[in-house]
$ cat input00.txt   # compact mmCIF, C-alpha atoms
# COMPACT_ATOMS: atom_id res chain seq x y z
CA MET A 1 -3.16 -14.38 -17.15
CA ILE A 2 0.49 -14.26 -18.19
CA LEU A 3 1.16 -14.30 -21.93
CA SER A 4 3.32 -17.01 -23.45
CA ASN A 5 5.94 -16.26 -26.07
CA GLU A 6 3.34 -16.97 -28.75
CA GLY A 7 0.85 -14.71 -26.99
CA ILE A 8 3.40 -11.88 -26.93
CA ARG A 9 4.12 -12.32 -30.63
CA ARG A 10 0.39 -12.30 -31.45
CA SER A 11 -0.04 -9.11 -29.44
CA LEU A 12 2.77 -7.52 -31.43
CA ASP A 13 1.27 -8.72 -34.71
CA SER A 14 -2.15 -7.32 -33.80
CA GLY A 15 -0.74 -3.98 -32.66
CA GLU A 16 -1.99 -4.36 -29.07
CA VAL A 17 1.62 -3.99 -27.97
CA VAL A 18 4.44 -2.14 -29.68
CA ILE A 19 8.10 -2.90 -28.92
CA GLU A 20 10.63 -0.92 -30.96
CA PRO A 21 12.89 -2.32 -32.22
CA ARG A 22 10.81 -5.48 -32.48
CA PRO A 23 12.39 -8.41 -30.60
CA ARG A 24 14.15 -11.15 -32.52
CA ARG A 25 12.99 -14.72 -32.02
CA ASP A 26 16.00 -15.51 -29.84
CA GLN A 27 14.96 -12.82 -27.32
CA TYR A 28 11.92 -14.83 -26.21
CA THR A 29 11.66 -17.33 -23.41
CA THR A 30 8.48 -19.37 -22.90
CA SER A 31 6.71 -16.58 -20.97
CA ALA A 32 8.77 -13.40 -21.38
CA VAL A 33 10.86 -11.36 -23.78
CA ASP A 34 14.37 -10.08 -23.10
CA LEU A 35 15.15 -6.38 -23.50
CA PHE A 36 18.54 -4.81 -24.17
CA LEU A 37 20.33 -2.09 -22.27
CA GLY A 38 19.90 1.37 -23.74
CA ASP A 39 22.43 4.18 -24.09
CA ASP A 40 21.75 6.46 -21.12
CA PHE A 41 23.13 6.11 -17.59
CA ARG A 42 22.56 8.52 -14.69
CA VAL A 43 23.78 8.75 -11.11
CA TRP A 44 23.08 11.10 -8.25
CA ASP A 45 25.82 13.72 -8.09
CA SER A 46 27.56 12.75 -4.86
CA SER A 47 29.62 15.94 -4.83
CA ARG A 48 26.39 17.82 -4.05
CA PHE A 49 25.84 15.78 -0.88
CA GLU A 50 29.33 15.38 0.52
CA ALA A 51 30.18 19.02 1.22
CA PRO A 52 30.83 19.60 4.93
CA GLY A 53 27.71 20.60 6.81
CA VAL A 54 25.35 19.78 3.93
CA ARG A 55 22.39 17.45 4.25
CA VAL A 56 19.81 17.25 1.49
CA GLU A 57 16.41 16.14 2.73
CA LEU A 58 13.50 15.24 0.45
CA ASN A 59 9.95 15.49 1.72
CA LEU A 60 8.39 12.53 -0.10
CA ALA A 61 4.91 13.98 0.38
CA GLN A 62 5.91 16.99 -1.73
CA GLN A 63 8.86 16.08 -3.93
CA GLU A 64 8.50 16.04 -7.71
CA PHE A 65 10.93 13.57 -9.23
CA GLN A 66 11.50 15.45 -12.49
CA ARG A 67 12.62 18.57 -10.61
CA THR A 68 14.82 16.52 -8.28
CA ALA A 69 16.34 14.70 -11.26
CA ALA A 70 17.07 17.97 -13.07
CA ALA A 71 18.83 19.30 -9.98
CA TYR A 72 20.86 16.28 -8.88
CA LEU A 73 21.17 13.62 -11.61
CA VAL A 74 24.26 13.64 -13.83
CA PRO A 75 25.56 11.34 -16.58
CA ALA A 76 27.46 8.37 -15.21
CA GLN A 77 31.12 7.80 -15.94
CA ARG A 78 31.60 5.87 -19.19
CA GLU A 79 34.48 3.98 -20.74
CA PRO A 80 35.98 5.26 -24.02
CA ASP A 81 33.99 2.64 -25.95
CA GLY A 82 30.70 3.84 -24.43
CA SER A 83 30.29 0.93 -22.00
CA LEU A 84 30.01 1.38 -18.24
CA VAL A 85 31.84 -0.61 -15.59
CA PHE A 86 29.53 -1.07 -12.60
CA PRO A 87 31.56 -1.66 -9.43
CA PRO A 88 30.45 -3.79 -6.48
CA HIS A 89 28.25 -1.86 -4.06
CA SER A 90 30.50 -2.98 -1.20
CA ARG A 91 33.37 -1.01 -2.74
CA THR A 92 31.57 1.92 -4.35
CA PRO A 93 28.07 2.26 -2.87
CA TYR A 94 25.70 3.91 -5.31
CA HIS A 95 22.77 2.93 -7.47
CA LEU A 96 22.60 3.45 -11.19
CA LEU A 97 19.68 4.59 -13.32
CA ALA A 98 19.69 3.08 -16.80
CA VAL A 99 17.15 2.65 -19.57
CA THR A 100 16.11 -0.08 -21.99
CA ARG A 101 17.00 0.15 -25.65
CA GLU A 102 13.44 -0.80 -26.57
CA ARG A 103 10.48 1.54 -26.42
CA VAL A 104 7.38 -0.27 -25.12
CA HIS A 105 3.78 0.82 -25.74
CA LEU A 106 1.00 -1.05 -23.94
CA LYS A 107 -1.97 0.34 -25.76
CA HIS A 108 -4.87 1.30 -23.52
CA GLU A 109 -7.41 -0.83 -25.38
CA SER A 110 -5.19 -3.93 -25.25
CA LYS A 111 -5.97 -4.55 -21.55
CA LEU A 112 -2.34 -5.48 -20.99
CA ALA A 113 0.14 -4.54 -18.25
CA ALA A 114 3.68 -5.84 -17.79
CA ARG A 115 6.41 -6.45 -15.23
CA VAL A 116 10.11 -5.85 -15.74
CA GLU A 117 12.29 -8.41 -14.00
CA GLY A 118 15.97 -9.18 -13.83
CA ARG A 119 17.47 -12.17 -15.57
CA SER A 120 18.29 -15.14 -13.37
CA SER A 121 21.87 -15.49 -14.63
CA PHE A 122 22.61 -11.86 -13.73
CA ALA A 123 20.78 -12.17 -10.40
CA ARG A 124 23.13 -14.99 -9.48
CA LEU A 125 26.01 -12.57 -10.03
CA GLY A 126 24.38 -10.11 -7.64
CA LEU A 127 22.93 -7.63 -10.15
CA MET A 128 19.64 -6.03 -9.10
CA VAL A 129 17.87 -4.55 -12.14
CA HIS A 130 14.99 -2.73 -10.45
CA LEU A 131 14.30 -1.44 -6.97
CA THR A 132 10.75 -2.43 -5.91
CA ALA A 133 9.17 -0.90 -9.02
CA PRO A 134 8.58 -3.63 -11.63
CA THR A 135 5.11 -2.64 -12.82
CA ILE A 136 4.57 -1.23 -16.32
CA HIS A 137 0.99 0.02 -16.28
CA ALA A 138 -1.55 -0.36 -19.05
CA GLY A 139 -1.28 2.59 -21.42
CA PHE A 140 2.44 3.22 -20.82
CA ASN A 141 4.50 4.35 -23.79
CA GLY A 142 8.24 4.85 -23.49
CA ARG A 143 11.55 3.26 -22.62
CA ILE A 144 11.76 1.56 -19.24
CA THR A 145 13.96 3.03 -16.53
CA LEU A 146 16.01 0.51 -14.56
CA GLU A 147 17.11 1.17 -10.96
CA MET A 148 20.24 -0.94 -10.62
CA ILE A 149 22.55 -2.03 -7.80
CA ASN A 150 25.51 -4.41 -8.06
CA HIS A 151 25.41 -6.50 -4.88
CA GLY A 152 27.93 -9.05 -6.15
CA PRO A 153 31.74 -9.24 -5.92
CA PHE A 154 32.43 -8.56 -9.62
CA TYR A 155 32.94 -5.42 -11.62
CA LEU A 156 30.26 -5.68 -14.31
CA ARG A 157 30.68 -4.17 -17.77
CA LEU A 158 27.37 -2.92 -19.15
CA VAL A 159 27.35 -2.54 -22.94
CA PRO A 160 24.52 -0.51 -24.51
CA GLY A 161 22.71 -2.36 -27.27
CA ALA A 162 24.50 -5.64 -26.49
CA THR A 163 23.66 -6.51 -22.86
CA ARG A 164 20.31 -8.27 -22.43
CA VAL A 165 19.64 -6.66 -19.12
CA CYS A 166 16.06 -7.59 -18.19
CA GLN A 167 12.95 -9.48 -19.21
CA LEU A 168 9.39 -8.26 -19.71
CA ILE A 169 6.41 -10.34 -18.59
CA PHE A 170 2.95 -9.46 -19.90
CA GLU A 171 -0.29 -9.85 -17.95
CA ARG A 172 -3.82 -9.43 -19.28
CA LEU A 173 -6.24 -7.32 -17.24
CA GLU A 174 -9.71 -8.53 -16.34
CA ASP A 175 -11.33 -5.37 -17.72
CA ALA A 176 -10.30 -2.34 -19.73
CA PRO A 177 -8.89 0.31 -17.37
CA GLU A 178 -10.90 3.45 -16.73
CA GLY A 179 -9.15 6.64 -17.79
CA GLU A 180 -5.62 7.20 -19.00
CA ILE A 181 -2.40 6.36 -17.18
CA ALA A 182 -1.37 9.07 -14.71
CA THR A 183 2.42 9.29 -14.74
CA GLY A 184 5.07 11.91 -15.29
CA PHE A 185 7.16 9.33 -17.17
CA GLN A 186 4.94 8.87 -20.21
CA GLY A 187 7.06 9.11 -23.36
CA GLN A 188 10.36 8.89 -21.46
CA ASP A 189 13.51 7.92 -23.32
CA LEU A 190 16.10 8.93 -20.70
CA ALA A 191 17.05 7.23 -17.45
CA SER A 192 16.11 10.46 -15.68
CA GLY A 193 12.47 9.93 -16.67
CA GLY A 194 12.53 12.74 -19.22
CA THR A 195 12.92 12.94 -22.96
CA SER A 196 15.88 13.91 -25.09
CA THR A 197 14.14 17.19 -25.86
CA SER A 198 13.19 18.01 -22.26
CA GLY A 199 16.37 19.87 -21.37
CA ILE A 200 18.36 16.95 -19.93
CA ASP A 201 20.61 16.11 -22.86
CA SER A 202 21.13 12.42 -23.50
CA GLU A 203 23.86 13.22 -26.01
CA SER A 204 26.19 14.31 -23.21
CA SER A 205 25.89 10.84 -21.70
CA ARG A 206 26.72 9.13 -25.01
CA ARG A 207 29.79 11.33 -25.45
CA GLY A 208 30.94 10.38 -21.95
CA GLU A 209 30.92 13.92 -20.58
CA ARG A 210 30.92 14.59 -16.85
CA VAL A 211 33.36 11.73 -16.34
CA ASP A 212 34.81 13.70 -13.45
CA VAL A 213 31.71 13.10 -11.35
CA GLN A 214 32.72 11.59 -8.04
CA ARG A 215 31.17 8.29 -7.18
CA PRO A 216 30.46 7.73 -3.51
CA THR A 217 33.48 6.29 -1.74
CA ARG A 218 33.44 3.68 0.94
CA ARG A 219 33.91 4.96 4.46
CA GLU A 220 35.93 2.60 6.63
$ encode --input "input00.txt" --output "structure tokens"
Amino acid sequence: MILSNEGIRRSLDSGEVVIEPRPRRDQYTTSAVDLFLGDDFRVWDSSRFEAPGVRVELNLAQQEFQRTAAAYLVPAQREPDGSLVFPPHSRTPYHLLAVTRERVHLKHESKLAARVEGRSSFARLGLMVHLTAPTIHAGFNGRITLEMINHGPFYLRLVPGATRVCQLIFERLEDAPEGEIATGFQGQDLASGGTSTSGIDSESSRRGERVDVQRPTRRE
């Protein structure tokens, strides 16, 4: 069963679900709630992959994302005002990891899971908000990482705290889940999947450091 806007508000009132900061009334649609873009952007450091004779191969049966992220993710290039201009993939092919402003906690006993989806108006512009991973499992607590690609023809300015980037749809489970959620992303507040105290400093992203990171260039 998908919760309506009233059902979402009741779940917040009862404490089954926590969204911080709590959504304003104008963030709700009839069956979802909009979330804002947070203040952390990460990209894969293309300079590590483009050296002559270098090919980085990940064995997906063995790879641990947090270690890969620590080795290869870097803050994305920001504008002086802290926004990010996301170029069309056809011109600058890369995908961007971002994070929601809101922290979401689906308490284990609430029997609720959720899905993060793009907004239809942005989808029409070509913006993909997540890559095949929309599910927010029961018991999750943290900000939501967004895996974004700009498939459209426009350069898109992403403004932390002002861009309503996605919507969250809540679904009630038939039964209470057995055991706790098994994920390395519990408590995350960075787009890398870590926390601001885990050694990957979110402050460097807000200050716009590493602006010299090369984005992938189109090969004719």
$ residues_around --input "input00.txt" --residues "Ser110 of chain A" --least-positions-apart "5" --cutoff "10 Å" --atoms "all atoms listed in the file" --output "PyMOL selection string"
chain A and resi 11+14-17+138-139+172-173+175-177
$ closest_atom_pairs --input "input00.txt" --of "segment 60-126 of chain A" --to "segment 148-157 of chain A" --cutoff "7 Å" --atoms "all atoms listed in the file" --output "tab-separated table"
residue	atom	partner	partner_atom	distance
A:Ser83	CA	A:Arg157	CA	6.6
A:Leu84	CA	A:Arg157	CA	5.6
A:Val85	CA	A:Arg157	CA	4.3
A:Phe86	CA	A:Leu156	CA	5.0
A:Pro87	CA	A:Tyr155	CA	4.6
A:Pro88	CA	A:Asn150	CA	5.2
A:His89	CA	A:Asn150	CA	5.5
A:His95	CA	A:Ile149	CA	5.0
A:Leu96	CA	A:Met148	CA	5.0
A:Leu97	CA	A:Met148	CA	6.2
A:Leu125	CA	A:Gly152	CA	5.6
A:Gly126	CA	A:Gly152	CA	4.0
$ atom_distance --input "input00.txt" --atom1 "atom CA of Gln167 of chain A" --atom2 "atom CA of Arg91 of chain A"
27.6 Å
$ atom_distance --input "input00.txt" --atom1 "atom CA of Leu12 of chain A" --atom2 "atom CA of His105 of chain A"
10.1 Å
$ closest_residue --input "input00.txt" --among "A:Trp44, A:Tyr28, A:Phe122, A:Phe140" --to "Ala70 of chain A" --atoms "all atoms listed in the file"
A:Trp44
$ atom_distance --input "input00.txt" --atom1 "atom CA of Leu58 of chain A" --atom2 "atom CA of Arg78 of chain A"
28.3 Å
$ closest_residue --input "input00.txt" --among "A:Pro23, A:Gly53, A:Gly82, A:Gly7" --to "Pro160 of chain A" --atoms "all atoms listed in the file"
A:Gly82
$ closest_residue --input "input00.txt" --among "A:Phe36, A:Phe49, A:Phe65, A:Phe41" --to "Arg22 of chain A" --atoms "only C-alpha atoms"
A:Phe36
$ closest_residue --input "input00.txt" --among "A:Thr92, A:Thr135, A:Thr100, A:Gln27" --to "Ala113 of chain A" --atoms "only C-alpha atoms"
A:Thr135
$ closest_residue --input "input00.txt" --among "A:Arg164, A:Asp40, A:Tyr72, A:Ile19" --to "Lys107 of chain A" --atoms "all atoms listed in the file"
A:Ile19
$ closest_residue --input "input00.txt" --among "A:Thr195, A:Ser47, A:Gln188, A:Ser120" --to "Gly142 of chain A" --atoms "all atoms listed in the file"
A:Gln188
$ residues_near_point --input "input00.txt" --point "(17.9, 3.0, -12.5)" --cutoff "10 Å" --atoms "only C-alpha atoms" --output "PyMOL selection string"
chain A and resi 41-43+95-99+128-131+144-149+191-193
$ axis_aligned_box --input "input00.txt" --around "segment 150-163 of chain A" --padding-each-side "6 Å" --output "JSON"
{"center_x": 27.8, "center_y": -4.9, "center_z": -16.1, "size_x": 22.2, "size_y": 20.7, "size_z": 34.4}
$ residues_around --input "input00.txt" --residues "Leu168 of chain A" --least-positions-apart "4" --cutoff "9 Å" --atoms "all atoms listed in the file" --output "list in words"
Ser31, Ala32, Val33, Asp34, Leu35, Ala114, Arg115, Val116, Glu117 and Gly118 of chain A
$ build_atoms --input "input00.txt" --residues "segment 9-21 of chain A" --atoms "N, CA and C atoms" --output "PDB file, in the coordinates of the input"
ATOM      1  N   ARG A   9       3.947 -12.557 -29.193  1.00  0.00           N
ATOM      2  CA  ARG A   9       4.120 -12.320 -30.630  1.00  0.00           C
ATOM      3  C   ARG A   9       2.783 -11.972 -31.296  1.00  0.00           C
ATOM      4  N   ARG A  10       1.703 -12.636 -30.888  1.00  0.00           N
ATOM      5  CA  ARG A  10       0.390 -12.300 -31.450  1.00  0.00           C
ATOM      6  C   ARG A  10      -0.023 -10.884 -31.087  1.00  0.00           C
ATOM      7  N   SER A  11       0.298 -10.473 -29.861  1.00  0.00           N
ATOM      8  CA  SER A  11      -0.040  -9.110 -29.440  1.00  0.00           C
ATOM      9  C   SER A  11       0.748  -8.071 -30.240  1.00  0.00           C
ATOM     10  N   LEU A  12       1.976  -8.400 -30.575  1.00  0.00           N
ATOM     11  CA  LEU A  12       2.770  -7.520 -31.430  1.00  0.00           C
ATOM     12  C   LEU A  12       2.203  -7.486 -32.849  1.00  0.00           C
ATOM     13  N   ASP A  13       1.823  -8.649 -33.364  1.00  0.00           N
ATOM     14  CA  ASP A  13       1.270  -8.720 -34.710  1.00  0.00           C
ATOM     15  C   ASP A  13      -0.034  -7.936 -34.828  1.00  0.00           C
ATOM     16  N   SER A  14      -0.849  -7.986 -33.773  1.00  0.00           N
ATOM     17  CA  SER A  14      -2.150  -7.320 -33.800  1.00  0.00           C
ATOM     18  C   SER A  14      -2.050  -5.828 -33.517  1.00  0.00           C
ATOM     19  N   GLY A  15      -0.904  -5.389 -33.005  1.00  0.00           N
ATOM     20  CA  GLY A  15      -0.740  -3.980 -32.660  1.00  0.00           C
ATOM     21  C   GLY A  15      -1.192  -3.635 -31.254  1.00  0.00           C
ATOM     22  N   GLU A  16      -1.626  -4.637 -30.457  1.00  0.00           N
ATOM     23  CA  GLU A  16      -1.990  -4.360 -29.070  1.00  0.00           C
ATOM     24  C   GLU A  16      -0.796  -3.827 -28.288  1.00  0.00           C
ATOM     25  N   VAL A  17       0.363  -4.376 -28.614  1.00  0.00           N
ATOM     26  CA  VAL A  17       1.620  -3.990 -27.970  1.00  0.00           C
ATOM     27  C   VAL A  17       2.601  -3.586 -29.064  1.00  0.00           C
ATOM     28  N   VAL A  18       3.374  -2.550 -28.780  1.00  0.00           N
ATOM     29  CA  VAL A  18       4.440  -2.140 -29.680  1.00  0.00           C
ATOM     30  C   VAL A  18       5.757  -2.211 -28.914  1.00  0.00           C
ATOM     31  N   ILE A  19       6.743  -2.902 -29.462  1.00  0.00           N
ATOM     32  CA  ILE A  19       8.100  -2.900 -28.920  1.00  0.00           C
ATOM     33  C   ILE A  19       9.019  -2.527 -30.082  1.00  0.00           C
ATOM     34  N   GLU A  20       9.737  -1.414 -29.905  1.00  0.00           N
ATOM     35  CA  GLU A  20      10.630  -0.920 -30.960  1.00  0.00           C
ATOM     36  C   GLU A  20      12.051  -0.786 -30.412  1.00  0.00           C
ATOM     37  N   PRO A  21      13.039  -1.413 -31.085  1.00  0.00           N
ATOM     38  CA  PRO A  21      12.890  -2.320 -32.220  1.00  0.00           C
ATOM     39  C   PRO A  21      12.214  -3.632 -31.804  1.00  0.00           C
TER      40      PRO A  21
END
